[in-house]
Amino acid sequence: MARWALLLDRPPGEGPYRRQYELMATVDGTHEEAMARFGEFVRLYRPKHPMYPVRMRRYRTGDGWMLVGDGSSGGVFTYHFMLTELEWDSGQITY
């Protein structure tokens, strides 16, 4: 049994462009189980931007999903959801 994580690469905020990854969820199981579970999560996800969407589109990618939103001001916002498999873990954090 594998451990899967759903990572979100969201649009950058103010300042220089930096990728901003966020761990959205984890699940233990098969690849197919993770795809089904995370697929539902992505379908229900509502991003903060655009605040006033005029169009939203969801695409299936090779490693997850891409959510694209067009805002009323003309901006385009992309959210890349990546399905990743845990390959190695150094162990629990102890302080």
# chains A, B, ... in the order shown; residues from 1 in each chain; ligands from 1
>>> select_by_dssp(residues="chain A", states="strand (DSSP E)", output="PyMOL selection string")
chain A and resi 2-10+20-29+53-61+64-71+76-85
>>> residues_around(residues="stretch 65-79 of chain A", least_positions_apart="2", cutoff="9 Å", atoms="only C-alpha atoms", output="PyMOL selection string")
chain A and resi 8-11+39+42+47+49-63+81-83
>>> write_last_selection(atoms="C-alpha atoms", output="short mmCIF file (atom, residue, chain, number, x, y, z; two decimals), in the first residue's frame")
data_model
loop_
_atom_site.label_atom_id
_atom_site.label_comp_id
_atom_site.auth_asym_id
_atom_site.auth_seq_id
_atom_site.Cartn_x
_atom_site.Cartn_y
_atom_site.Cartn_z
CA LEU A 8 -1.35 22.40 -4.97
CA ASP A 9 0.85 24.73 -7.01
CA ARG A 10 -1.05 28.01 -6.82
CA PRO A 11 -0.55 31.40 -8.47
CA GLY A 39 -10.52 13.85 -8.00
CA VAL A 42 -10.46 18.92 -6.88
CA PRO A 47 -10.17 29.06 -5.21
CA HIS A 49 -9.03 34.01 -7.11
CA PRO A 50 -10.56 35.01 -9.31
CA MET A 51 -12.95 36.60 -6.82
CA TYR A 52 -15.54 37.09 -9.55
CA PRO A 53 -15.03 34.21 -11.97
CA VAL A 54 -16.64 34.46 -15.37
CA ARG A 55 -15.38 31.04 -16.40
CA MET A 56 -13.77 28.05 -14.66
CA ARG A 57 -12.25 25.02 -16.40
CA ARG A 58 -10.79 21.78 -15.02
CA TYR A 59 -8.30 19.75 -17.06
CA ARG A 60 -6.85 16.30 -16.41
CA THR A 61 -3.04 16.31 -16.64
CA GLY A 62 -0.42 13.57 -16.60
CA ASP A 63 0.17 14.08 -12.87
CA PHE A 81 -3.08 19.87 -8.42
CA MET A 82 -0.38 17.20 -8.44
CA LEU A 83 -0.83 13.61 -7.33
#
>>> atom_distance(atom1="atom CA of A:Thr30", atom2="atom CA of A:Arg3")
8.3 Å
>>> residues_around(residues="A:Glu40", least_positions_apart="6", cutoff="12 Å", atoms="only C-alpha atoms", output="tab-separated table (two decimals) with N, CA, C and O atoms, in the first residue's frame")
chain	number	residue	atom	x	y	z
A	6	LEU	N	-1.72	15.03	-2.27
A	6	LEU	CA	-2.21	15.97	-3.27
A	6	LEU	C	-1.57	17.31	-2.96
A	6	LEU	O	-1.80	17.89	-1.90
A	25	ALA	N	-3.90	17.20	0.96
A	25	ALA	CA	-4.47	15.99	1.57
A	25	ALA	C	-3.52	14.83	1.34
A	25	ALA	O	-2.69	14.86	0.43
A	33	GLU	N	-7.33	4.45	-6.14
A	33	GLU	CA	-8.08	4.97	-4.98
A	33	GLU	C	-7.72	6.43	-4.73
A	33	GLU	O	-8.60	7.26	-4.45
A	34	ALA	N	-6.45	6.76	-4.83
A	34	ALA	CA	-6.02	8.14	-4.62
A	34	ALA	C	-6.60	9.05	-5.69
A	34	ALA	O	-7.06	10.16	-5.39
A	64	GLY	N	-2.10	14.90	-12.48
A	64	GLY	CA	-3.18	15.39	-11.63
A	64	GLY	C	-4.21	16.18	-12.41
A	64	GLY	O	-4.77	15.69	-13.39
A	65	TRP	N	-4.42	17.44	-12.00
A	65	TRP	CA	-5.44	18.28	-12.59
A	65	TRP	C	-4.96	19.73	-12.67
A	65	TRP	O	-4.11	20.14	-11.89
>>> select_by_dssp(residues="stretch 14-74 of chain A", states="alpha helix (DSSP H)", output="list in words")
His31, Glu32, Glu33, Ala34, Met35, Ala36, Arg37, Phe38, Gly39, Glu40, Phe41, Val42, Arg43 and Leu44 of chain A
>>> closest_residue(among="A:Tyr95, A:Trp88, A:Tyr21, A:Trp4", to="A:Met35", atoms="only C-alpha atoms")
A:Trp4
>>> atom_distance(atom1="atom CA of A:Gln92", atom2="atom CA of A:Glu32")
27.0 Å
>>> closest_residue(among="A:His31, A:Arg43, A:Lys48, A:Arg37", to="A:Thr84", atoms="only C-alpha atoms")
A:His31
>>> residues_around(residues="A:Ala2", least_positions_apart="6", cutoff="9 Å", atoms="only C-alpha atoms", output="PyMOL selection string")
chain A and resi 27-31+85-87
>>> write_last_selection(atoms="C-alpha atoms", output="PDB file, in the first residue's frame")
ATOM      1  CA  VAL A  27      -4.373   9.077   1.491  1.00  0.00           C
ATOM      2  CA  ASP A  28      -3.094   5.510   1.828  1.00  0.00           C
ATOM      3  CA  GLY A  29      -4.102   3.084  -0.914  1.00  0.00           C
ATOM      4  CA  THR A  30      -3.688   2.317  -4.571  1.00  0.00           C
ATOM      5  CA  HIS A  31      -3.104   4.872  -7.313  1.00  0.00           C
ATOM      6  CA  GLU A  85       3.547   9.181  -4.232  1.00  0.00           C
ATOM      7  CA  LEU A  86       5.644   9.113  -1.070  1.00  0.00           C
ATOM      8  CA  GLU A  87       8.888   7.396  -1.962  1.00  0.00           C
TER       9      GLU A  87
END
>>> atom_distance(atom1="atom CA of A:Ala5", atom2="atom CA of A:Phe38")
8.8 Å
>>> decode(residues="stretch 55-72 of chain A", atoms="N, CA, C and O atoms", output="PDB file, in the first residue's frame")
ATOM      1  N   ARG A  55     -15.509  32.371 -15.820  1.00  0.00           N
ATOM      2  CA  ARG A  55     -15.375  31.040 -16.404  1.00  0.00           C
ATOM      3  C   ARG A  55     -14.361  30.238 -15.606  1.00  0.00           C
ATOM      4  O   ARG A  55     -13.315  30.750 -15.223  1.00  0.00           O
ATOM      5  N   MET A  56     -14.688  28.968 -15.330  1.00  0.00           N
ATOM      6  CA  MET A  56     -13.766  28.050 -14.662  1.00  0.00           C
ATOM      7  C   MET A  56     -13.687  26.784 -15.518  1.00  0.00           C
ATOM      8  O   MET A  56     -14.699  26.316 -16.039  1.00  0.00           O
ATOM      9  N   ARG A  57     -12.451  26.241 -15.650  1.00  0.00           N
ATOM     10  CA  ARG A  57     -12.247  25.018 -16.404  1.00  0.00           C
ATOM     11  C   ARG A  57     -11.331  24.088 -15.619  1.00  0.00           C
ATOM     12  O   ARG A  57     -10.400  24.530 -14.973  1.00  0.00           O
ATOM     13  N   ARG A  58     -11.623  22.783 -15.687  1.00  0.00           N
ATOM     14  CA  ARG A  58     -10.786  21.785 -15.021  1.00  0.00           C
ATOM     15  C   ARG A  58     -10.261  20.831 -16.090  1.00  0.00           C
ATOM     16  O   ARG A  58     -11.019  20.293 -16.891  1.00  0.00           O
ATOM     17  N   TYR A  59      -8.941  20.639 -16.098  1.00  0.00           N
ATOM     18  CA  TYR A  59      -8.298  19.748 -17.058  1.00  0.00           C
ATOM     19  C   TYR A  59      -7.645  18.594 -16.312  1.00  0.00           C
ATOM     20  O   TYR A  59      -7.140  18.763 -15.202  1.00  0.00           O
ATOM     21  N   ARG A  60      -7.601  17.438 -16.919  1.00  0.00           N
ATOM     22  CA  ARG A  60      -6.854  16.296 -16.413  1.00  0.00           C
ATOM     23  C   ARG A  60      -5.456  16.409 -17.002  1.00  0.00           C
ATOM     24  O   ARG A  60      -5.293  16.647 -18.195  1.00  0.00           O
ATOM     25  N   THR A  61      -4.423  16.259 -16.176  1.00  0.00           N
ATOM     26  CA  THR A  61      -3.038  16.313 -16.638  1.00  0.00           C
ATOM     27  C   THR A  61      -2.372  14.959 -16.392  1.00  0.00           C
ATOM     28  O   THR A  61      -2.979  14.079 -15.779  1.00  0.00           O
ATOM     29  N   GLY A  62      -1.134  14.823 -16.807  1.00  0.00           N
ATOM     30  CA  GLY A  62      -0.416  13.572 -16.600  1.00  0.00           C
ATOM     31  C   GLY A  62      -0.160  13.261 -15.135  1.00  0.00           C
ATOM     32  O   GLY A  62       0.000  12.108 -14.761  1.00  0.00           O
ATOM     33  N   ASP A  63      -0.120  14.285 -14.289  1.00  0.00           N
ATOM     34  CA  ASP A  63       0.173  14.075 -12.869  1.00  0.00           C
ATOM     35  C   ASP A  63      -0.929  14.594 -11.950  1.00  0.00           C
ATOM     36  O   ASP A  63      -0.724  14.729 -10.755  1.00  0.00           O
ATOM     37  N   GLY A  64      -2.097  14.903 -12.483  1.00  0.00           N
ATOM     38  CA  GLY A  64      -3.182  15.395 -11.629  1.00  0.00           C
ATOM     39  C   GLY A  64      -4.211  16.183 -12.413  1.00  0.00           C
ATOM     40  O   GLY A  64      -4.771  15.687 -13.390  1.00  0.00           O
ATOM     41  N   TRP A  65      -4.416  17.439 -11.997  1.00  0.00           N
ATOM     42  CA  TRP A  65      -5.439  18.285 -12.595  1.00  0.00           C
ATOM     43  C   TRP A  65      -4.957  19.726 -12.672  1.00  0.00           C
ATOM     44  O   TRP A  65      -4.113  20.141 -11.889  1.00  0.00           O
ATOM     45  N   MET A  66      -5.534  20.483 -13.592  1.00  0.00           N
ATOM     46  CA  MET A  66      -5.269  21.914 -13.712  1.00  0.00           C
ATOM     47  C   MET A  66      -6.619  22.615 -13.692  1.00  0.00           C
ATOM     48  O   MET A  66      -7.517  22.293 -14.468  1.00  0.00           O
ATOM     49  N   LEU A  67      -6.772  23.566 -12.768  1.00  0.00           N
ATOM     50  CA  LEU A  67      -7.973  24.378 -12.668  1.00  0.00           C
ATOM     51  C   LEU A  67      -7.617  25.772 -13.183  1.00  0.00           C
ATOM     52  O   LEU A  67      -6.641  26.371 -12.725  1.00  0.00           O
ATOM     53  N   VAL A  68      -8.368  26.265 -14.163  1.00  0.00           N
ATOM     54  CA  VAL A  68      -8.099  27.559 -14.783  1.00  0.00           C
ATOM     55  C   VAL A  68      -9.328  28.432 -14.617  1.00  0.00           C
ATOM     56  O   VAL A  68     -10.432  28.027 -14.989  1.00  0.00           O
ATOM     57  N   GLY A  69      -9.131  29.615 -14.037  1.00  0.00           N
ATOM     58  CA  GLY A  69     -10.237  30.537 -13.830  1.00  0.00           C
ATOM     59  C   GLY A  69      -9.981  31.867 -14.518  1.00  0.00           C
ATOM     60  O   GLY A  69      -8.891  32.425 -14.416  1.00  0.00           O
ATOM     61  N   ASP A  70     -10.986  32.341 -15.231  1.00  0.00           N
ATOM     62  CA  ASP A  70     -10.939  33.666 -15.856  1.00  0.00           C
ATOM     63  C   ASP A  70     -11.737  34.619 -14.976  1.00  0.00           C
ATOM     64  O   ASP A  70     -12.900  34.352 -14.666  1.00  0.00           O
ATOM     65  N   GLY A  71     -11.103  35.726 -14.598  1.00  0.00           N
ATOM     66  CA  GLY A  71     -11.761  36.698 -13.747  1.00  0.00           C
ATOM     67  C   GLY A  71     -12.470  37.783 -14.529  1.00  0.00           C
ATOM     68  O   GLY A  71     -12.193  38.004 -15.713  1.00  0.00           O
ATOM     69  N   SER A  72     -13.368  38.484 -13.856  1.00  0.00           N
ATOM     70  CA  SER A  72     -14.122  39.554 -14.507  1.00  0.00           C
ATOM     71  C   SER A  72     -13.227  40.719 -14.922  1.00  0.00           C
ATOM     72  O   SER A  72     -13.562  41.484 -15.810  1.00  0.00           O
TER      73      SER A  72
END
